[in-house]
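Text of the file model-v6.tsv, holding TSV, N, CA and C atoms:
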chain	number	residue	atom	x	y	z
A	242	MET	N	-70.67	217.04	-3.42
A	242	MET	CA	-69.78	217.06	-2.28
A	242	MET	C	-70.42	217.83	-1.11
A	243	ARG	N	-71.14	218.88	-1.44
A	243	ARG	CA	-71.79	219.67	-0.40
A	243	ARG	C	-72.80	218.82	0.37
A	244	TYR	N	-73.51	217.95	-0.36
A	244	TYR	CA	-74.49	217.06	0.26
A	244	TYR	C	-73.82	216.17	1.30
A	245	LEU	N	-72.64	215.64	0.99
A	245	LEU	CA	-71.95	214.76	1.93
A	245	LEU	C	-71.60	215.48	3.22
A	246	TYR	N	-71.20	216.74	3.11
A	246	TYR	CA	-70.91	217.52	4.31
A	246	TYR	C	-72.17	217.79	5.12
A	247	GLU	N	-73.24	218.19	4.43
A	247	GLU	CA	-74.49	218.49	5.12
A	247	GLU	C	-75.05	217.23	5.79
A	248	MET	N	-75.11	216.13	5.05
A	248	MET	CA	-75.65	214.90	5.59
A	248	MET	C	-74.73	214.33	6.67
A	249	GLY	N	-73.44	214.39	6.44
A	249	GLY	CA	-72.48	213.88	7.43
A	249	GLY	C	-72.56	214.64	8.74
A	250	ALA	N	-72.66	215.96	8.67
A	250	ALA	CA	-72.77	216.77	9.89
A	250	ALA	C	-74.08	216.47	10.62
A	251	ALA	N	-75.17	216.38	9.86
A	251	ALA	CA	-76.46	216.08	10.47
A	251	ALA	C	-76.46	214.68	11.09
A	252	LEU	N	-75.86	213.72	10.41
A	252	LEU	CA	-75.81	212.35	10.92
A	252	LEU	C	-74.93	212.27	12.17
A	253	ALA	N	-73.81	212.98	12.17
A	253	ALA	CA	-72.94	213.00	13.35
A	253	ALA	C	-73.68	213.62	14.55
A	254	CYS	N	-74.37	214.73	14.29
A	254	CYS	CA	-75.16	215.36	15.36
A	254	CYS	C	-76.24	214.41	15.86
A	255	TYR	N	-76.89	213.71	14.94
A	255	TYR	CA	-77.93	212.75	15.32
A	255	TYR	C	-77.36	211.68	16.25
A	256	MET	N	-76.21	211.13	15.89
A	256	MET	CA	-75.63	210.06	16.71
A	256	MET	C	-75.27	210.57	18.11
A	257	VAL	N	-74.73	211.78	18.18
A	257	VAL	CA	-74.37	212.35	19.48
A	257	VAL	C	-75.62	212.62	20.31
A	258	VAL	N	-76.61	213.28	19.71
A	258	VAL	CA	-77.84	213.60	20.43
A	258	VAL	C	-78.56	212.32	20.85
A	259	LEU	N	-78.59	211.31	19.99
A	259	LEU	CA	-79.23	210.05	20.33
A	259	LEU	C	-78.53	209.41	21.54
A	260	ALA	N	-77.22	209.34	21.51
A	260	ALA	CA	-76.47	208.74	22.62
A	260	ALA	C	-76.71	209.51	23.92
A	261	VAL	N	-76.65	210.84	23.84
A	261	VAL	CA	-76.87	211.67	25.03
A	261	VAL	C	-78.30	211.50	25.54
A	262	SER	N	-79.27	211.44	24.63
A	262	SER	CA	-80.67	211.30	25.08
A	262	SER	C	-80.90	209.95	25.75
A	263	LEU	N	-80.31	208.88	25.20
A	263	LEU	CA	-80.47	207.57	25.81
A	263	LEU	C	-79.81	207.52	27.19
A	264	PHE	N	-78.65	208.14	27.30
A	264	PHE	CA	-77.97	208.23	28.59
A	264	PHE	C	-78.79	209.07	29.57
A	265	ALA	N	-79.32	210.19	29.10
A	265	ALA	CA	-80.12	211.08	29.96
A	265	ALA	C	-81.39	210.39	30.44
A	266	LEU	N	-82.00	209.59	29.59
A	266	LEU	CA	-83.23	208.89	29.99
A	266	LEU	C	-82.97	207.93	31.16
A	267	ILE	N	-81.80	207.34	31.17
A	267	ILE	CA	-81.45	206.44	32.29
A	267	ILE	C	-81.36	207.22	33.59
A	268	HIS	N	-80.76	208.41	33.52
A	268	HIS	CA	-80.54	209.21	34.72
A	268	HIS	C	-81.74	210.06	35.12
A	269	PHE	N	-82.65	210.30	34.20
A	269	PHE	CA	-83.82	211.12	34.49
A	269	PHE	C	-85.11	210.31	34.38
A	270	HIS	N	-85.05	209.02	34.71
A	270	HIS	CA	-86.24	208.18	34.58
A	270	HIS	C	-87.36	208.60	35.53
A	271	ASP	N	-87.04	209.34	36.60
A	271	ASP	CA	-88.07	209.83	37.53
A	271	ASP	C	-88.49	211.26	37.23
A	272	ALA	N	-87.96	211.85	36.17
A	272	ALA	CA	-88.27	213.24	35.84
A	272	ALA	C	-89.72	213.38	35.38
A	273	ASP	N	-90.15	214.61	35.32
A	273	ASP	CA	-91.50	214.93	34.85
A	273	ASP	C	-91.69	214.38	33.43
A	274	PHE	N	-92.93	214.04	33.09
A	274	PHE	CA	-93.25	213.47	31.78
A	274	PHE	C	-92.80	214.39	30.65
A	275	VAL	N	-93.01	215.67	30.80
A	275	VAL	CA	-92.65	216.63	29.75
A	275	VAL	C	-91.14	216.63	29.52
A	276	VAL	N	-90.38	216.53	30.60
A	276	VAL	CA	-88.91	216.49	30.47
A	276	VAL	C	-88.49	215.21	29.74
A	277	ARG	N	-89.10	214.07	30.10
A	277	ARG	CA	-88.76	212.81	29.43
A	277	ARG	C	-89.15	212.83	27.96
A	278	VAL	N	-90.28	213.47	27.64
A	278	VAL	CA	-90.69	213.60	26.23
A	278	VAL	C	-89.67	214.44	25.47
A	279	ALA	N	-89.24	215.55	26.06
A	279	ALA	CA	-88.25	216.42	25.41
A	279	ALA	C	-86.94	215.68	25.17
A	280	ILE	N	-86.51	214.91	26.17
A	280	ILE	CA	-85.28	214.13	26.02
A	280	ILE	C	-85.45	213.07	24.93
A	281	THR	N	-86.57	212.37	24.97
A	281	THR	CA	-86.82	211.30	24.01
A	281	THR	C	-86.88	211.81	22.58
A	282	LEU	N	-87.51	212.97	22.38
A	282	LEU	CA	-87.69	213.50	21.03
A	282	LEU	C	-86.53	214.37	20.55
A	283	SER	N	-85.54	214.61	21.39
A	283	SER	CA	-84.42	215.47	20.98
A	283	SER	C	-83.68	214.97	19.73
A	284	PRO	N	-83.54	213.67	19.48
A	284	PRO	CA	-82.87	213.24	18.24
A	284	PRO	C	-83.65	213.58	16.97
A	285	VAL	N	-84.92	213.94	17.10
A	285	VAL	CA	-85.70	214.30	15.93
A	285	VAL	C	-85.17	215.60	15.29
A	286	ILE	N	-84.59	216.47	16.11
A	286	ILE	CA	-84.08	217.75	15.58
A	286	ILE	C	-82.96	217.52	14.57
A	287	PRO	N	-81.88	216.79	14.91
A	287	PRO	CA	-80.88	216.54	13.87
A	287	PRO	C	-81.39	215.65	12.74
A	288	ALA	N	-82.37	214.78	13.03
A	288	ALA	CA	-82.97	213.97	11.96
A	288	ALA	C	-83.67	214.88	10.96
A	289	ALA	N	-84.28	215.95	11.44
A	289	ALA	CA	-84.91	216.92	10.54
A	289	ALA	C	-83.87	217.58	9.64
A	290	PHE	N	-82.67	217.80	10.17
A	290	PHE	CA	-81.60	218.36	9.34
A	290	PHE	C	-81.14	217.37	8.27
A	291	MET	N	-81.24	216.08	8.56
A	291	MET	CA	-80.94	215.07	7.53
A	291	MET	C	-81.96	215.18	6.40
A	292	CYS	N	-83.23	215.33	6.76
A	292	CYS	CA	-84.28	215.51	5.74
A	292	CYS	C	-84.01	216.77	4.93
A	293	TRP	N	-83.63	217.83	5.59
A	293	TRP	CA	-83.33	219.10	4.93
A	293	TRP	C	-82.17	218.91	3.94
A	294	ALA	N	-81.14	218.14	4.32
A	294	ALA	CA	-80.01	217.88	3.43
A	294	ALA	C	-80.46	217.13	2.19
A	295	VAL	N	-81.37	216.16	2.36
A	295	VAL	CA	-81.88	215.40	1.21
A	295	VAL	C	-82.65	216.31	0.26
A	296	VAL	N	-83.50	217.16	0.82
A	296	VAL	CA	-84.29	218.09	-0.02
A	296	VAL	C	-83.37	219.05	-0.77
A	297	ARG	N	-82.37	219.57	-0.08
A	297	ARG	CA	-81.42	220.48	-0.74
A	297	ARG	C	-80.67	219.77	-1.87
A	298	GLN	N	-80.31	218.51	-1.64
A	298	GLN	CA	-79.62	217.75	-2.69
A	298	GLN	C	-80.54	217.52	-3.88
A	299	MET	N	-81.80	217.21	-3.61
A	299	MET	CA	-82.76	216.99	-4.71
A	299	MET	C	-82.88	218.25	-5.57
A	300	ARG	N	-82.83	219.40	-4.94
A	300	ARG	CA	-82.94	220.66	-5.68
A	300	ARG	C	-81.73	220.92	-6.57
A	301	ARG	N	-80.61	220.29	-6.26
A	301	ARG	CA	-79.38	220.49	-7.04
A	301	ARG	C	-79.29	219.55	-8.24
A	302	LEU	N	-80.16	218.56	-8.32
A	302	LEU	CA	-80.05	217.54	-9.37
A	302	LEU	C	-80.54	218.05	-10.72
A	303	ASP	N	-79.97	217.48	-11.78
A	303	ASP	CA	-80.50	217.78	-13.11
A	303	ASP	C	-81.75	216.94	-13.35
A	304	GLU	N	-82.38	217.14	-14.51
A	304	GLU	CA	-83.68	216.50	-14.77
A	304	GLU	C	-83.61	214.97	-14.76
A	305	MET	N	-82.57	214.40	-15.33
A	305	MET	CA	-82.46	212.95	-15.39
A	305	MET	C	-82.23	212.37	-14.00
A	306	GLN	N	-81.31	212.97	-13.25
A	306	GLN	CA	-81.06	212.49	-11.89
A	306	GLN	C	-82.32	212.62	-11.04
A	307	LEU	N	-83.04	213.72	-11.22
A	307	LEU	CA	-84.27	213.93	-10.46
A	307	LEU	C	-85.32	212.89	-10.81
A	308	ARG	N	-85.40	212.54	-12.09
A	308	ARG	CA	-86.36	211.51	-12.51
A	308	ARG	C	-86.01	210.15	-11.89
A	309	ILE	N	-84.73	209.82	-11.86
A	309	ILE	CA	-84.28	208.57	-11.24
A	309	ILE	C	-84.65	208.56	-9.76
A	310	GLN	N	-84.38	209.65	-9.07
A	310	GLN	CA	-84.72	209.74	-7.65
A	310	GLN	C	-86.23	209.65	-7.43
A	311	PHE	N	-86.98	210.31	-8.31
A	311	PHE	CA	-88.44	210.28	-8.19
A	311	PHE	C	-88.96	208.85	-8.34
A	312	GLU	N	-88.46	208.13	-9.32
A	312	GLU	CA	-88.88	206.74	-9.50
A	312	GLU	C	-88.46	205.87	-8.31
A	313	ALA	N	-87.25	206.11	-7.80
A	313	ALA	CA	-86.77	205.34	-6.66
A	313	ALA	C	-87.62	205.61	-5.42
A	314	LEU	N	-87.97	206.86	-5.20
A	314	LEU	CA	-88.80	207.21	-4.05
A	314	LEU	C	-90.22	206.67	-4.20
A	315	GLY	N	-90.74	206.69	-5.42
A	315	GLY	CA	-92.06	206.11	-5.66
A	315	GLY	C	-92.06	204.62	-5.35
A	316	PHE	N	-91.02	203.93	-5.81
A	316	PHE	CA	-90.89	202.50	-5.51
A	316	PHE	C	-90.75	202.30	-4.00
A	317	ALA	N	-89.91	203.10	-3.35
A	317	ALA	CA	-89.68	202.96	-1.91
A	317	ALA	C	-90.96	203.17	-1.12
A	318	PHE	N	-91.75	204.17	-1.52
A	318	PHE	CA	-93.01	204.44	-0.83
A	318	PHE	C	-93.95	203.23	-0.94
A	319	ALA	N	-94.15	202.76	-2.15
A	319	ALA	CA	-95.07	201.65	-2.37
A	319	ALA	C	-94.57	200.35	-1.73
A	320	ALA	N	-93.30	200.04	-1.91
A	320	ALA	CA	-92.75	198.79	-1.37
A	320	ALA	C	-92.74	198.81	0.16
A	321	SER	N	-92.38	199.95	0.75
A	321	SER	CA	-92.38	200.06	2.21
A	321	SER	C	-93.79	199.90	2.76
A	322	ALA	N	-94.75	200.53	2.10
A	322	ALA	CA	-96.14	200.39	2.54
A	322	ALA	C	-96.58	198.94	2.46
A	323	LEU	N	-96.27	198.29	1.36
A	323	LEU	CA	-96.66	196.89	1.17
A	323	LEU	C	-96.01	195.98	2.21
A	324	LEU	N	-94.71	196.17	2.45
A	324	LEU	CA	-94.00	195.34	3.42
A	324	LEU	C	-94.51	195.54	4.84
A	325	THR	N	-94.65	196.80	5.27
A	325	THR	CA	-95.10	197.05	6.64
A	325	THR	C	-96.55	196.63	6.83
A	326	PHE	N	-97.38	196.87	5.83
A	326	PHE	CA	-98.78	196.46	5.88
A	326	PHE	C	-98.88	194.94	5.98
A	327	SER	N	-98.11	194.24	5.17
A	327	SER	CA	-98.11	192.78	5.19
A	327	SER	C	-97.63	192.24	6.53
A	328	TYR	N	-96.56	192.83	7.04
A	328	TYR	CA	-96.04	192.35	8.32
A	328	TYR	C	-97.03	192.62	9.45
A	329	GLY	N	-97.75	193.72	9.36
A	329	GLY	CA	-98.79	193.99	10.35
A	329	GLY	C	-99.82	192.88	10.40
A	330	PHE	N	-100.20	192.36	9.23
A	330	PHE	CA	-101.11	191.22	9.19
A	330	PHE	C	-100.46	189.97	9.77
A	331	MET	N	-99.17	189.80	9.53
A	331	MET	CA	-98.46	188.63	10.06
A	331	MET	C	-98.45	188.64	11.60
A	332	GLU	N	-98.42	189.83	12.18
A	332	GLU	CA	-98.46	189.93	13.64
A	332	GLU	C	-99.77	189.35	14.19
A	333	ASN	N	-100.84	189.40	13.39
A	333	ASN	CA	-102.12	188.84	13.82
A	333	ASN	C	-102.07	187.33	14.01
A	334	ILE	N	-101.11	186.68	13.36
A	334	ILE	CA	-101.01	185.22	13.50
A	334	ILE	C	-99.77	184.79	14.28
A	335	GLY	N	-99.21	185.73	15.04
A	335	GLY	CA	-98.13	185.36	15.96
A	335	GLY	C	-96.73	185.81	15.61
A	336	ALA	N	-96.54	186.49	14.50
A	336	ALA	CA	-95.20	187.01	14.19
A	336	ALA	C	-94.83	188.02	15.27
A	337	PRO	N	-93.56	188.08	15.65
A	337	PRO	CA	-93.17	189.01	16.72
A	337	PRO	C	-93.45	190.45	16.34
A	338	HIS	N	-93.84	191.24	17.33
A	338	HIS	CA	-94.12	192.66	17.10
A	338	HIS	C	-92.81	193.39	16.81
A	339	LEU	N	-92.81	194.20	15.77
A	339	LEU	CA	-91.66	195.04	15.47
A	339	LEU	C	-92.01	196.49	15.79
A	340	PRO	N	-91.11	197.21	16.46
A	340	PRO	CA	-91.39	198.61	16.76
A	340	PRO	C	-91.39	199.48	15.50
A	341	TRP	N	-92.03	200.62	15.60
A	341	TRP	CA	-92.09	201.57	14.49
A	341	TRP	C	-90.72	202.03	14.05
A	342	LEU	N	-89.73	201.89	14.89
A	342	LEU	CA	-88.37	202.31	14.53
A	342	LEU	C	-87.84	201.57	13.31
A	343	TRP	N	-88.45	200.45	12.96
A	343	TRP	CA	-88.02	199.67	11.80
A	343	TRP	C	-88.53	200.24	10.48
A	344	VAL	N	-89.52	201.12	10.52
A	344	VAL	CA	-90.12	201.63	9.28
A	344	VAL	C	-89.09	202.43	8.47
A	345	TRP	N	-88.36	203.33	9.12
A	345	TRP	CA	-87.41	204.15	8.37
A	345	TRP	C	-86.31	203.32	7.73
A	346	PRO	N	-85.68	202.39	8.43
A	346	PRO	CA	-84.68	201.56	7.74
A	346	PRO	C	-85.25	200.79	6.56
A	347	ILE	N	-86.49	200.33	6.68
A	347	ILE	CA	-87.13	199.64	5.54
A	347	ILE	C	-87.29	200.61	4.38
A	348	MET	N	-87.74	201.83	4.68
A	348	MET	CA	-87.89	202.83	3.62
A	348	MET	C	-86.55	203.15	2.96
A	349	GLY	N	-85.51	203.30	3.78
A	349	GLY	CA	-84.18	203.58	3.23
A	349	GLY	C	-83.68	202.44	2.35
A	350	LEU	N	-83.88	201.22	2.81
A	350	LEU	CA	-83.46	200.06	2.02
A	350	LEU	C	-84.24	200.00	0.70
A	351	MET	N	-85.53	200.26	0.75
A	351	MET	CA	-86.35	200.23	-0.47
A	351	MET	C	-85.96	201.38	-1.41
A	352	TRP	N	-85.51	202.50	-0.87
A	352	TRP	CA	-85.04	203.61	-1.70
A	352	TRP	C	-83.79	203.17	-2.45
A	353	ILE	N	-82.89	202.47	-1.77
A	353	ILE	CA	-81.67	201.97	-2.41
A	353	ILE	C	-82.03	200.98	-3.51
A	354	VAL	N	-82.94	200.05	-3.22
A	354	VAL	CA	-83.38	199.09	-4.23
A	354	VAL	C	-84.00	199.82	-5.41
A	355	GLY	N	-84.86	200.80	-5.12
A	355	GLY	CA	-85.48	201.60	-6.18
A	355	GLY	C	-84.47	202.34	-7.03
A	356	LEU	N	-83.42	202.86	-6.39
A	356	LEU	CA	-82.35	203.54	-7.14
A	356	LEU	C	-81.64	202.57	-8.07
A	357	MET	N	-81.38	201.37	-7.59
A	357	MET	CA	-80.72	200.38	-8.44
A	357	MET	C	-81.59	200.03	-9.64
A	358	ILE	N	-82.87	199.88	-9.42
A	358	ILE	CA	-83.79	199.56	-10.52
A	358	ILE	C	-83.86	200.71	-11.51
A	359	ALA	N	-84.04	201.94	-10.99
A	359	ALA	CA	-84.19	203.09	-11.88
A	359	ALA	C	-82.90	203.38	-12.64
A	360	LYS	N	-81.76	203.30	-11.99
A	360	LYS	CA	-80.50	203.53	-12.68
A	360	LYS	C	-80.27	202.49	-13.77
A	361	ASN	N	-80.59	201.26	-13.48
A	361	ASN	CA	-80.45	200.19	-14.47
A	361	ASN	C	-81.35	200.45	-15.67
A	362	ARG	N	-82.50	200.98	-15.43
A	362	ARG	CA	-83.46	201.26	-16.50
A	362	ARG	C	-82.94	202.31	-17.48
A	363	TYR	N	-82.21	203.28	-16.99
A	363	TYR	CA	-81.74	204.38	-17.84
A	363	TYR	C	-80.32	204.22	-18.33
A	364	GLN	N	-79.71	203.05	-18.14
A	364	GLN	CA	-78.35	202.84	-18.64
A	364	GLN	C	-78.38	202.28	-20.04
How does this structure look as structure tokens?
Amino acid sequence: MRYLYEMGAALACYMVVLAVSLFALIHFHDADFVVRVAITLSPVIPAAFMCWAVVRQMRRLDEMQLRIQFEALGFAFAASALLTFSYGFMENIGAPHLPWLWVWPIMGLMWIVGLMIAKNRYQ
């Protein structure tokens, strides 16, 4: 339950900071480069708190749950690398360019798939 509060608060902060930063970029498009970089990267701060919530949750898990998460993350790492690497090659033959912003959702989706596989394995 503690994880849900930590992740929920970090996610809510992320959404607010992201919306404010996007709005600020519209109004400060003529600002100094350093100011625009600070505005653009401001959502990374609450995103770091999301990472911190995940690490804290991992530390709370028992050995079996930790093993399941480890297998899921291993699968997510390998599958995400394979998918993004493959799509990069597809761009060489005309597939539309996808921004780097798509990497994290792919990793998250592969983590979910990995969790389903690992949980099924230990049932």
Practice task
Have a look at CA of Leu266 (chain A) and CA of Ala289 (chain A) and let me know their distance in Å, one decimal.
Solution key: 21.1 Å
Handout entry: Pick from A:Leu307, A:Ala288, A:Ile267, A:Leu314, whichever lies nearest to Leu356 (chain A) using only N, CA and C atoms
Key = A:Leu314
Problem - Pick from A:Met331, A:Ala336, A:Ala317, A:Leu324, whichever lies nearest to Gly355 (chain A) using only N, CA and C atoms - result: A:Ala317
Problem - Shell around Ala251 (chain A) at 6.5 Å using all atoms listed in the file, local window under 3 positions removed, as an NGL selection string - result: :A and (246-248 or 254-256 or 287-288 or 290-291)
Practice task
Output as a VMD selection string all residues of chain A that backbone DSSP marks as helix (DSSP H, G or I).
Solution key: chain A and resid 243 to 268 274 to 282 285 to 301 304 to 332 341 to 362
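Atom to atom, atom N of Arg300 (chain A) and CA of Tyr244 (chain A) stand 10.1 Å apart.
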Practice task
Pick out the closest residue to Ala279 (chain A) from this set: A:Ala322, A:Ser262, A:Lys360, A:Gly315. Count all atoms listed in the file.
Solution key: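 Of A:Ala322, A:Ser262, A:Lys360, A:Gly315, the one nearest Ala279 (chain A), counting all atoms listed in the file, is A:Ser262.
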Fill in the blank from the handout: Of A:Pro284, A:Pro340, A:Gly335, A:Pro346, the one sitting nearest Leu263 (chain A) when using only C-alpha atoms is A:Pro284
Fill in the blank from the handout: re atom C of Phe318 (chain A) and atom N of Met299 (chain A): distance 18.7 Å
Problem - Nearest candidate to Ile353 (chain A) (options A:Ala313, A:Leu302, A:Ala265, A:Ala272; using all atoms listed in the file) - result: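 Residue with the minimum atom-to-atom distance to Ile353 (chain A): A:Ala313.
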